[in-house]
$ cat run.cif   # mmCIF, C-alpha atoms and all ligand atoms
data_query
#
loop_
_atom_site.label_atom_id
_atom_site.label_comp_id
_atom_site.auth_asym_id
_atom_site.auth_seq_id
_atom_site.Cartn_x
_atom_site.Cartn_y
_atom_site.Cartn_z
CA MET A 198 92.29 80.98 103.25
CA ASN A 199 94.32 81.28 106.44
CA PHE A 200 97.43 83.03 105.19
CA ILE A 201 100.90 82.68 106.63
CA ASP A 202 101.65 86.36 106.79
CA LEU A 203 105.36 87.14 106.75
CA ARG A 204 105.04 90.69 105.40
CA SER A 205 105.78 92.28 108.75
CA ASP A 206 105.50 91.82 112.50
CA THR A 207 103.04 94.73 112.36
CA VAL A 208 100.40 92.22 111.18
CA THR A 209 100.33 90.54 114.60
CA THR A 210 96.93 90.58 116.25
CA PRO A 211 96.49 90.79 120.04
CA THR A 212 96.72 87.63 122.10
CA PRO A 213 93.75 86.37 124.18
CA ALA A 214 95.47 87.70 127.35
CA MET A 215 95.69 91.15 125.73
CA ARG A 216 92.03 91.10 124.75
CA GLU A 217 91.06 90.22 128.32
CA ALA A 218 93.24 92.99 129.72
CA MET A 219 91.75 95.47 127.24
CA TYR A 220 88.23 94.49 128.29
CA ALA A 221 89.02 94.91 131.97
CA ALA A 222 91.17 98.06 131.68
CA ASP A 223 90.65 100.94 134.09
CA VAL A 224 90.38 104.07 131.96
CA GLY A 225 90.14 107.84 132.23
CA ASP A 226 90.75 110.87 130.04
CA ASP A 227 94.42 110.70 129.12
CA VAL A 228 94.47 114.25 127.76
CA TYR A 229 93.87 115.22 131.41
CA GLY A 230 96.56 112.69 132.40
CA GLU A 231 93.83 110.69 134.15
CA ASP A 232 94.05 107.31 132.51
CA PRO A 233 95.60 105.03 135.14
CA THR A 234 96.42 102.30 132.63
CA VAL A 235 98.21 104.68 130.27
CA ASN A 236 100.08 106.14 133.24
CA ARG A 237 101.16 102.69 134.33
CA LEU A 238 102.34 101.74 130.83
CA GLN A 239 104.34 104.96 130.57
CA GLU A 240 106.01 104.29 133.93
CA MET A 241 106.84 100.73 132.93
CA ALA A 242 108.26 101.89 129.60
CA ALA A 243 110.40 104.53 131.30
CA GLU A 244 111.70 101.95 133.74
CA LYS A 245 112.48 99.43 130.97
CA THR A 246 114.42 101.98 128.94
CA GLY A 247 116.10 103.60 131.94
CA LYS A 248 114.55 107.00 131.27
CA GLU A 249 112.71 109.38 133.59
CA ALA A 250 109.41 109.43 131.74
CA GLY A 251 107.40 107.90 128.91
CA LEU A 252 104.69 109.07 126.52
CA PHE A 253 102.20 106.70 124.90
CA VAL A 254 101.79 107.54 121.21
CA PRO A 255 99.58 105.96 118.55
CA SER A 256 102.45 104.85 116.30
CA GLY A 257 106.20 104.58 115.92
CA THR A 258 106.00 107.26 113.26
CA MET A 259 104.37 109.70 115.67
CA GLY A 260 106.88 108.78 118.37
CA ASN A 261 109.81 109.58 116.10
CA LEU A 262 108.15 112.74 114.81
CA ALA A 263 107.27 114.06 118.27
CA ALA A 264 110.84 113.28 119.36
CA VAL A 265 112.45 115.12 116.46
CA LEU A 266 110.11 118.09 116.95
CA ALA A 267 110.87 118.18 120.66
CA HIS A 268 114.62 118.15 119.98
CA CYS A 269 114.72 120.51 116.98
CA GLY A 270 113.19 123.80 115.90
CA ARG A 271 112.32 124.85 112.35
CA GLY A 272 115.43 125.06 110.16
CA ASP A 273 117.49 122.89 112.49
CA GLU A 274 119.13 119.81 111.08
CA ALA A 275 118.91 116.16 112.09
CA ILE A 276 121.59 113.70 110.97
CA LEU A 277 120.24 110.30 110.06
CA GLY A 278 121.12 107.31 107.90
CA HIS A 279 120.14 107.21 104.22
CA LEU A 280 118.26 103.96 105.00
CA ALA A 281 116.65 105.21 108.22
CA HIS A 282 112.94 104.48 108.58
CA THR A 283 112.41 108.11 109.56
CA PHE A 284 114.01 109.21 106.28
CA LEU A 285 112.46 106.60 103.99
CA TYR A 286 109.08 105.65 105.36
CA GLU A 287 107.63 108.39 107.52
CA ALA A 288 106.27 110.53 104.70
CA GLY A 289 108.90 113.21 105.22
CA GLY A 290 107.05 114.28 108.38
CA ILE A 291 110.05 115.84 110.09
CA SER A 292 110.47 118.30 107.20
CA ALA A 293 106.82 118.64 106.16
CA LEU A 294 105.46 119.22 109.64
CA GLY A 295 108.48 120.32 111.64
CA GLY A 296 110.57 122.23 109.11
CA VAL A 297 113.49 120.06 110.22
CA HIS A 298 116.19 119.64 107.59
CA SER A 299 117.43 116.08 107.26
CA ARG A 300 121.05 115.31 106.55
CA GLN A 301 121.61 111.75 105.43
CA VAL A 302 124.88 109.96 105.92
CA PRO A 303 125.40 106.45 104.50
CA ASN A 304 124.24 103.55 106.61
CA GLN A 305 126.92 100.90 106.75
CA ALA A 306 125.82 97.30 106.11
CA ASP A 307 125.69 96.74 109.89
CA GLY A 308 123.16 99.55 110.36
CA THR A 309 125.68 101.96 111.87
CA LEU A 310 126.68 105.42 110.68
CA ALA A 311 130.47 105.75 110.49
CA LEU A 312 131.59 108.10 113.27
CA GLU A 313 133.75 110.02 110.83
CA ASP A 314 130.78 110.50 108.48
CA ILE A 315 128.72 111.87 111.38
CA ARG A 316 131.54 114.19 112.39
CA LEU A 317 131.88 115.51 108.84
CA ALA A 318 128.12 116.07 108.61
CA ILE A 319 128.00 118.29 111.71
CA ARG A 320 127.64 121.86 110.51
CA PRO A 321 130.08 124.59 111.42
CA ASP A 322 128.78 127.65 113.22
CA ASP A 323 128.17 129.55 110.00
CA VAL A 324 125.29 131.75 108.97
CA HIS A 325 124.98 129.82 105.70
CA ALA A 326 124.29 126.50 107.41
CA PRO A 327 121.38 125.05 109.31
CA VAL A 328 122.08 124.32 112.95
CA THR A 329 122.83 120.64 113.61
CA ARG A 330 120.86 119.51 116.67
CA LEU A 331 120.25 115.82 116.53
CA ILE A 332 121.63 112.43 115.51
CA CYS A 333 119.09 109.64 114.89
CA LEU A 334 119.96 105.95 115.13
CA GLU A 335 117.76 102.90 114.50
CA ASN A 336 117.95 99.64 116.46
CA THR A 337 117.22 97.04 115.12
CA HIS A 338 117.82 98.53 111.71
CA ASN A 339 114.97 97.60 109.42
CA ARG A 340 116.39 98.27 105.94
CA CYS A 341 119.80 96.96 107.01
CA GLY A 342 118.26 93.54 107.53
CA GLY A 343 117.08 93.74 111.13
CA VAL A 344 120.66 93.95 112.37
CA SER A 345 121.17 95.28 115.91
CA LEU A 346 123.50 98.05 117.03
CA SER A 347 125.71 97.39 120.06
CA VAL A 348 125.74 99.30 123.33
CA GLU A 349 129.36 100.19 122.64
CA TYR A 350 128.61 101.72 119.23
CA THR A 351 125.65 103.67 120.60
CA ARG A 352 127.88 104.99 123.37
CA GLN A 353 130.48 106.16 120.83
CA VAL A 354 127.82 108.10 118.93
CA TYR A 355 126.53 109.58 122.19
CA GLU A 356 130.02 110.71 123.19
CA LEU A 357 130.54 112.29 119.79
CA ALA A 358 127.17 114.01 120.08
CA ARG A 359 128.10 115.39 123.49
CA GLN A 360 131.35 116.85 122.13
CA TYR A 361 129.25 118.96 119.75
CA ASN A 362 126.35 119.58 122.12
CA LEU A 363 123.98 117.43 120.04
CA GLN A 364 121.14 115.15 121.14
CA VAL A 365 120.72 111.48 120.20
CA HIS A 366 117.34 109.92 119.38
CA LEU A 367 117.00 106.18 118.94
CA ASP A 368 114.25 104.73 116.77
CA GLY A 369 113.98 101.52 118.74
CA ALA A 370 110.82 100.27 117.04
CA ARG A 371 112.30 96.80 117.63
CA LEU A 372 114.52 97.67 120.59
CA PHE A 373 113.54 94.51 122.46
CA ASN A 374 114.48 92.33 119.48
CA ALA A 375 117.88 94.00 119.57
CA ALA A 376 118.19 93.45 123.31
CA VAL A 377 117.20 89.79 123.14
CA ALA A 378 119.50 89.15 120.16
CA GLN A 379 122.47 90.55 122.08
CA GLY A 380 121.57 89.22 125.50
CA VAL A 381 121.51 92.72 127.02
CA ASN A 382 118.76 94.82 128.62
CA ALA A 383 116.84 97.36 126.59
CA ARG A 384 117.93 99.93 129.18
CA GLU A 385 121.59 99.29 128.33
CA LEU A 386 120.92 99.79 124.62
CA ALA A 387 118.89 102.92 125.28
CA GLY A 388 121.27 104.21 127.95
CA PRO A 389 123.50 106.33 125.74
CA THR A 390 120.61 108.20 124.11
CA ASP A 391 118.51 111.24 124.99
CA SER A 392 115.28 109.73 123.72
CA VAL A 393 114.03 106.41 122.47
CA THR A 394 110.82 105.11 120.89
CA PHE A 395 109.84 101.48 120.92
CA CYS A 396 106.79 99.87 119.37
CA LEU A 397 104.25 97.71 121.16
CA SER A 398 102.41 96.85 117.97
CA LYS A 399 105.17 94.99 116.16
CA ALA A 400 106.77 91.83 117.48
CA LEU A 401 105.28 92.48 120.94
CA CYS A 402 101.84 91.82 119.42
CA ALA A 403 99.81 94.69 120.92
CA PRO A 404 97.23 96.14 118.53
CA VAL A 405 98.26 99.81 118.63
CA GLY A 406 100.92 102.06 120.04
CA SER A 407 104.48 102.94 120.81
CA VAL A 408 106.12 104.66 123.76
CA LEU A 409 108.54 107.57 123.53
CA CYS A 410 110.86 107.83 126.54
CA GLY A 411 113.33 110.42 127.74
CA SER A 412 113.97 112.93 130.48
CA ARG A 413 110.99 114.50 132.25
CA ASP A 414 111.68 117.82 130.60
CA PHE A 415 111.97 116.27 127.14
CA ILE A 416 108.73 114.32 127.58
CA ARG A 417 106.93 117.50 128.67
CA ARG A 418 107.90 119.07 125.33
CA ALA A 419 107.07 115.91 123.35
CA HIS A 420 103.68 115.79 125.08
CA ARG A 421 102.82 119.18 123.61
CA MET A 422 104.04 118.00 120.19
CA ARG A 423 101.81 114.93 120.45
CA LYS A 424 98.86 117.25 121.12
CA GLN A 425 99.77 119.44 118.14
CA LEU A 426 99.91 116.35 115.95
CA GLY A 427 96.44 115.30 117.07
CA GLY A 428 97.77 112.37 119.06
CA GLY A 429 96.15 113.26 122.38
CA MET A 430 93.98 110.23 123.06
CA ARG A 431 91.16 109.96 125.57
CA GLN A 432 90.33 106.57 127.15
CA ALA A 433 93.48 105.08 125.65
CA GLY A 434 93.83 102.69 128.57
CA VAL A 435 92.07 100.03 126.50
CA LEU A 436 95.09 100.14 124.20
CA ALA A 437 97.70 100.65 126.91
CA ALA A 438 96.38 97.55 128.72
CA ALA A 439 97.49 95.41 125.79
CA GLY A 440 100.83 97.21 125.84
CA ILE A 441 101.32 96.29 129.49
CA VAL A 442 100.69 92.62 128.72
CA ALA A 443 103.14 92.99 125.82
CA LEU A 444 105.89 94.31 128.08
CA GLU A 445 105.19 91.78 130.80
CA THR A 446 104.89 88.64 128.71
CA MET A 447 106.08 89.09 125.14
CA VAL A 448 109.68 90.26 125.44
CA ASP A 449 111.45 87.08 126.54
CA ARG A 450 109.78 85.00 123.85
CA LEU A 451 111.20 87.16 121.01
CA SER A 452 114.14 84.75 120.77
CA GLU A 453 111.63 82.19 119.41
CA ASP A 454 110.96 84.49 116.46
CA HIS A 455 114.69 84.83 115.85
CA THR A 456 115.15 81.06 115.98
CA ARG A 457 112.27 80.56 113.53
CA ALA A 458 113.69 83.16 111.16
CA LYS A 459 116.92 81.18 111.21
CA SER A 460 115.09 77.86 110.63
CA LEU A 461 113.14 79.34 107.73
CA ALA A 462 116.31 80.80 106.21
CA ASP A 463 118.07 77.44 106.59
CA LEU A 464 115.23 75.71 104.70
CA LEU A 465 115.20 78.37 101.99
CA LYS A 466 118.98 78.25 101.61
CA LYS A 467 118.62 74.67 100.39
CA LEU A 468 116.55 75.87 97.42
CA PRO A 469 118.14 76.95 94.15
CA GLY A 470 117.03 80.35 92.88
CA LEU A 471 117.40 82.46 96.00
CA ILE A 472 120.19 84.68 97.18
CA PHE A 473 120.37 86.00 100.74
CA ASP A 474 121.60 89.33 101.99
CA PRO A 475 124.91 88.62 103.76
CA GLY A 476 124.34 87.67 107.41
CA SER A 477 120.56 87.42 107.03
CA PRO A 478 118.76 86.80 109.32
CA TYR A 479 120.10 88.70 112.33
CA THR A 480 116.85 88.87 114.28
CA ASN A 481 113.29 88.31 113.02
CA MET A 482 113.77 89.45 109.41
CA ILE A 483 115.01 87.59 106.36
CA PHE A 484 115.98 89.57 103.26
CA VAL A 485 116.20 87.42 100.15
CA SER A 486 116.22 87.99 96.37
CA LEU A 487 115.54 85.95 93.25
CA VAL A 488 118.63 85.02 91.24
CA ASP A 489 118.76 86.29 87.65
CA ASP A 490 117.66 83.09 85.94
CA VAL A 491 114.33 82.91 87.82
CA PRO A 492 111.87 84.46 85.34
CA GLY A 493 109.28 87.11 86.29
CA ASP A 494 109.59 89.88 88.82
CA GLY A 495 109.07 90.07 92.57
CA ARG A 496 105.38 91.01 92.31
CA HIS A 497 104.71 88.04 90.06
CA PHE A 498 106.54 85.69 92.43
CA SER A 499 104.75 87.13 95.45
CA ALA A 500 101.36 86.64 93.70
CA ARG A 501 102.26 82.98 93.19
CA LEU A 502 103.17 82.68 96.89
CA ILE A 503 99.80 84.20 97.82
CA GLU A 504 98.06 81.51 95.76
CA LEU A 505 100.01 79.03 97.88
CA GLY A 506 98.85 80.72 101.09
CA VAL A 507 101.96 82.77 101.96
CA LYS A 508 102.34 86.55 102.04
CA VAL A 509 105.78 88.17 101.90
CA GLY A 510 106.91 91.79 101.68
CA VAL A 511 108.14 92.85 98.25
CA VAL A 512 110.93 95.34 98.98
CA GLY A 513 112.67 95.62 95.61
CA PRO A 514 112.16 94.54 92.01
CA ARG A 515 113.18 90.96 92.95
CA ARG A 516 113.76 91.27 96.67
CA PHE A 517 111.60 90.14 99.59
CA ARG A 518 111.37 90.67 103.32
CA LEU A 519 110.06 87.84 105.48
CA VAL A 520 109.37 88.66 109.11
CA THR A 521 108.69 86.03 111.76
CA HIS A 522 106.46 86.85 114.71
CA TYR A 523 104.21 85.43 117.43
CA TRP A 524 101.69 83.98 114.98
CA ILE A 525 104.33 82.13 112.93
CA ASP A 526 104.84 78.69 114.44
CA ASP A 527 106.98 75.75 113.28
CA PRO A 528 104.37 74.32 110.86
CA ALA A 529 104.03 77.82 109.33
CA VAL A 530 107.80 77.91 108.77
CA GLU A 531 107.60 74.57 106.94
CA ARG A 532 104.58 75.68 104.91
CA ALA A 533 106.35 78.86 103.89
CA ALA A 534 109.44 76.93 102.76
CA TRP A 535 107.20 74.53 100.82
CA ALA A 536 105.48 77.50 99.11
CA PHE A 537 108.84 78.94 98.03
CA GLU A 538 109.96 75.56 96.70
CA THR A 539 106.71 75.12 94.78
CA ALA A 540 106.76 78.66 93.39
CA LEU A 541 110.40 78.31 92.29
CA ARG A 542 109.67 74.99 90.62
CA GLY A 543 106.79 76.50 88.67
CA ALA A 544 108.64 79.74 87.87
N1 LIG A 601 107.96 99.74 109.88
C1 LIG A 601 107.00 99.05 109.05
C2 LIG A 601 106.89 99.72 107.68
O1 LIG A 601 106.65 101.07 107.82
C3 LIG A 601 108.11 99.54 106.81
C4 LIG A 601 107.42 97.61 108.92
O2 LIG A 601 106.59 96.83 108.41
O3 LIG A 601 108.55 97.26 109.30
N2 LIG A 601 110.68 102.63 112.87
C5 LIG A 601 110.95 101.45 112.32
C6 LIG A 601 112.34 100.93 112.37
C7 LIG A 601 109.94 100.71 111.69
O4 LIG A 601 110.24 99.55 111.14
C8 LIG A 601 108.63 101.23 111.68
C9 LIG A 601 107.52 100.49 110.98
C10 LIG A 601 108.39 102.46 112.29
C11 LIG A 601 109.44 103.15 112.89
C12 LIG A 601 107.04 103.11 112.29
O5 LIG A 601 106.13 102.46 113.10
P1 LIG A 601 104.55 102.65 112.85
O6 LIG A 601 104.19 101.74 111.71
O7 LIG A 601 103.95 102.24 114.15
O8 LIG A 601 104.31 104.06 112.55
#

$ encode --input "run.cif" --output "structure tokens"
Amino acid sequence: MNFIDLRSDTVTTPTPAMREAMYAADVGDDVYGEDPTVNRLQEMAAEKTGKEAGLFVPSGTMGNLAAVLAHCGRGDEAILGHLAHTFLYEAGGISALGGVHSRQVPNQADGTLALEDIRLAIRPDDVHAPVTRLICLENTHNRCGGVSLSVEYTRQVYELARQYNLQVHLDGARLFNAAVAQGVNARELAGPTDSVTFCLSKALCAPVGSVLCGSRDFIRRAHRMRKQLGGGMRQAGVLAAAGIVALETMVDRLSEDHTRAKSLADLLKKLPGLIFDPGSPYTNMIFVSLVDDVPGDGRHFSARLIELGVKVGVVGPRRFRLVTHYWIDDPAVERAAWAFETALRGA
């Protein structure tokens, strides 16, 4: 069966133009810095985020990890939201591999961390305390529904960080979704940060990879971290080539994914039995739950949807995440709504 796969935008497969570019890519040994296609992608990424330099990494997880390790030493502390991807879904890498202590402050519903909460979390200069080094933000914020943080908010966090001599890292896995949703450039959103990662292999459709960007000096340190983590790749230009096509051709179309998320939500809102997270969808993600009187749990409901040809992410006992992306067209939106209606009727 050809499934309509709404589990994530990570399921996107490369476009024909990407496959052609991968086939034709000029390559070299990137551990020697000699892959011209990787070098070009890194330059493009730096330019798009307004940073001095970029580093191609195999995943968003490695990008965030290399960033935290380049900002912090063992025993240092990073402040991040209790719903941050780095805290919840990156296997505790910053502590396990970097010895970095994480300090969680509550994410507000809009994905932000309250400035006062950040301020209170910054450690005093006291021998009993770890040294606070870093504040991590996420834009768009995955677990907060794909909501985007504003330039103004990011700037406020950056100014606060500067008062205390801290660094700011932005997990911008979906930075371009945030930019498109707000009608601003990615470089404006990433401006008030010291480092930013964005993913090529999510809504931008490339098969593999993310880019970590920051100052030249920061990227030099992150480069060594990438090597330590085993992320030095050789003829990675075959992957970077798809990333270049992604940056050149896939950014402006992201608004189509946002519009389709809205259309799908509008269709689903007509059905009894579903309750939406307030404001959902903000970008390309819908978060929706079953109301109490629908019998069975989320896994059971998702299995029924699979029988009807639709895959969704199960993100709670009765809660789902539906992510629109390049391979979800208008008929797929209608089919998905039909599958929900059918599954609810039979529930
Ligand atoms: N998120 C994945 C899952 O891990 C949950 C998804 O399907 O959304 N930052 C953010 C905000 C992310 O959403 C993700 C992936 C990452 C980092 C990690 O990227 P990868 O999967 O490339 O390591």

$ residues_near_ligand --input "run.cif" --ligand "ligand LIG 601 (chain A)" --cutoff "9 Å" --atoms "only C-alpha atoms and all ligand atoms" --output "ChimeraX atom specification"
/A:204-208,255-261,281-283,285-287,335-340,343,368-371,394-399,405-407,510,520

$ residues_around --input "run.cif" --residues "Ile315 (chain A)" --least-positions-apart "3" --cutoff "12 Å" --atoms "only C-alpha atoms" --output "PyMOL selection string"
chain A and resi 275-278+300-304+309-312+318-320+329+331-334+353-358+361+363+365

$ closest_atom_pairs --input "run.cif" --of "region 367-439 of chain A" --to "region 469-489 of chain A" --cutoff "8 Å" --atoms "all atoms listed in the file" --output "Markdown table"
| residue | atom | partner | partner_atom | distance |
| --- | --- | --- | --- | --- |
| A:Asn374 | CA | A:Thr480 | CA | 6.7 |
| A:Ala375 | CA | A:Thr480 | CA | 7.4 |
| A:Ala378 | CA | A:Thr480 | CA | 6.5 |

$ atom_distance --input "run.cif" --atom1 "CA of Cys410 (chain A)" --atom2 "CA of Ala387 (chain A)"
9.5 Å

$ atom_distance --input "run.cif" --atom1 "CA of Ala218 (chain A)" --atom2 "CA of Ala403 (chain A)"
11.1 Å

$ residues_around --input "run.cif" --residues "Leu461 (chain A)" --least-positions-apart "4" --cutoff "7 Å" --atoms "only C-alpha atoms" --output "number ranges by chain"
A: 457, 465, 530, 534

$ closest_residue --input "run.cif" --among "A:Ala250, A:Val224, A:Val435, A:Ala242" --to "Arg413 (chain A)" --atoms "all atoms listed in the file"
A:Ala250

$ residues_near_point --input "run.cif" --point "(113.2, 89.8, 94.7)" --cutoff "6 Å" --atoms "all atoms listed in the file" --output "VMD selection string"
chain A and resid 486 to 487 495 513 to 517

$ closest_residue --input "run.cif" --among "A:Leu266, A:Gly296, A:Met215, A:Leu238" --to "Arg421 (chain A)" --atoms "all atoms listed in the file"
A:Leu266

$ closest_residue --input "run.cif" --among "A:Leu541, A:Ile525, A:Leu502, A:Ala326" --to "Ser460 (chain A)" --atoms "all atoms listed in the file"
A:Ile525

$ atom_distance --input "run.cif" --atom1 "CA of Lys467 (chain A)" --atom2 "CA of Ser452 (chain A)"
23.2 Å

$ residues_around --input "run.cif" --residues "Ala433 (chain A)" --least-positions-apart "4" --cutoff "12 Å" --atoms "only C-alpha atoms" --output "number ranges by chain"
A: 219, 222-239, 252-255, 405-406, 428-429, 437-440

$ closest_residue --input "run.cif" --among "A:Glu538, A:Arg359, A:Arg431, A:Leu294" --to "Arg316 (chain A)" --atoms "all atoms listed in the file"
A:Arg359

$ closest_residue --input "run.cif" --among "A:Asn199, A:Ser392, A:Gln379, A:Thr521" --to "Glu349 (chain A)" --atoms "all atoms listed in the file"
A:Gln379

$ closest_residue --input "run.cif" --among "A:Thr210, A:Gln364, A:Thr351, A:Gln305" --to "Cys269 (chain A)" --atoms "all atoms listed in the file"
A:Gln364

$ residues_around --input "run.cif" --residues "Glu249 (chain A)" --least-positions-apart "6" --cutoff "7 Å" --atoms "all atoms listed in the file" --output "list in words"
Ala243, Gly411, Ser412 and Arg413 of chain A

$ write_last_selection --input "run.cif" --atoms "C-alpha atoms" --output "PDB file, keeping the file's coordinate frame"
ATOM      1  CA  ALA A 243     110.400 104.530 131.300  1.00  0.00           C
ATOM      2  CA  GLY A 411     113.330 110.420 127.740  1.00  0.00           C
ATOM      3  CA  SER A 412     113.970 112.930 130.480  1.00  0.00           C
ATOM      4  CA  ARG A 413     110.990 114.500 132.250  1.00  0.00           C
TER       5      ARG A 413
END
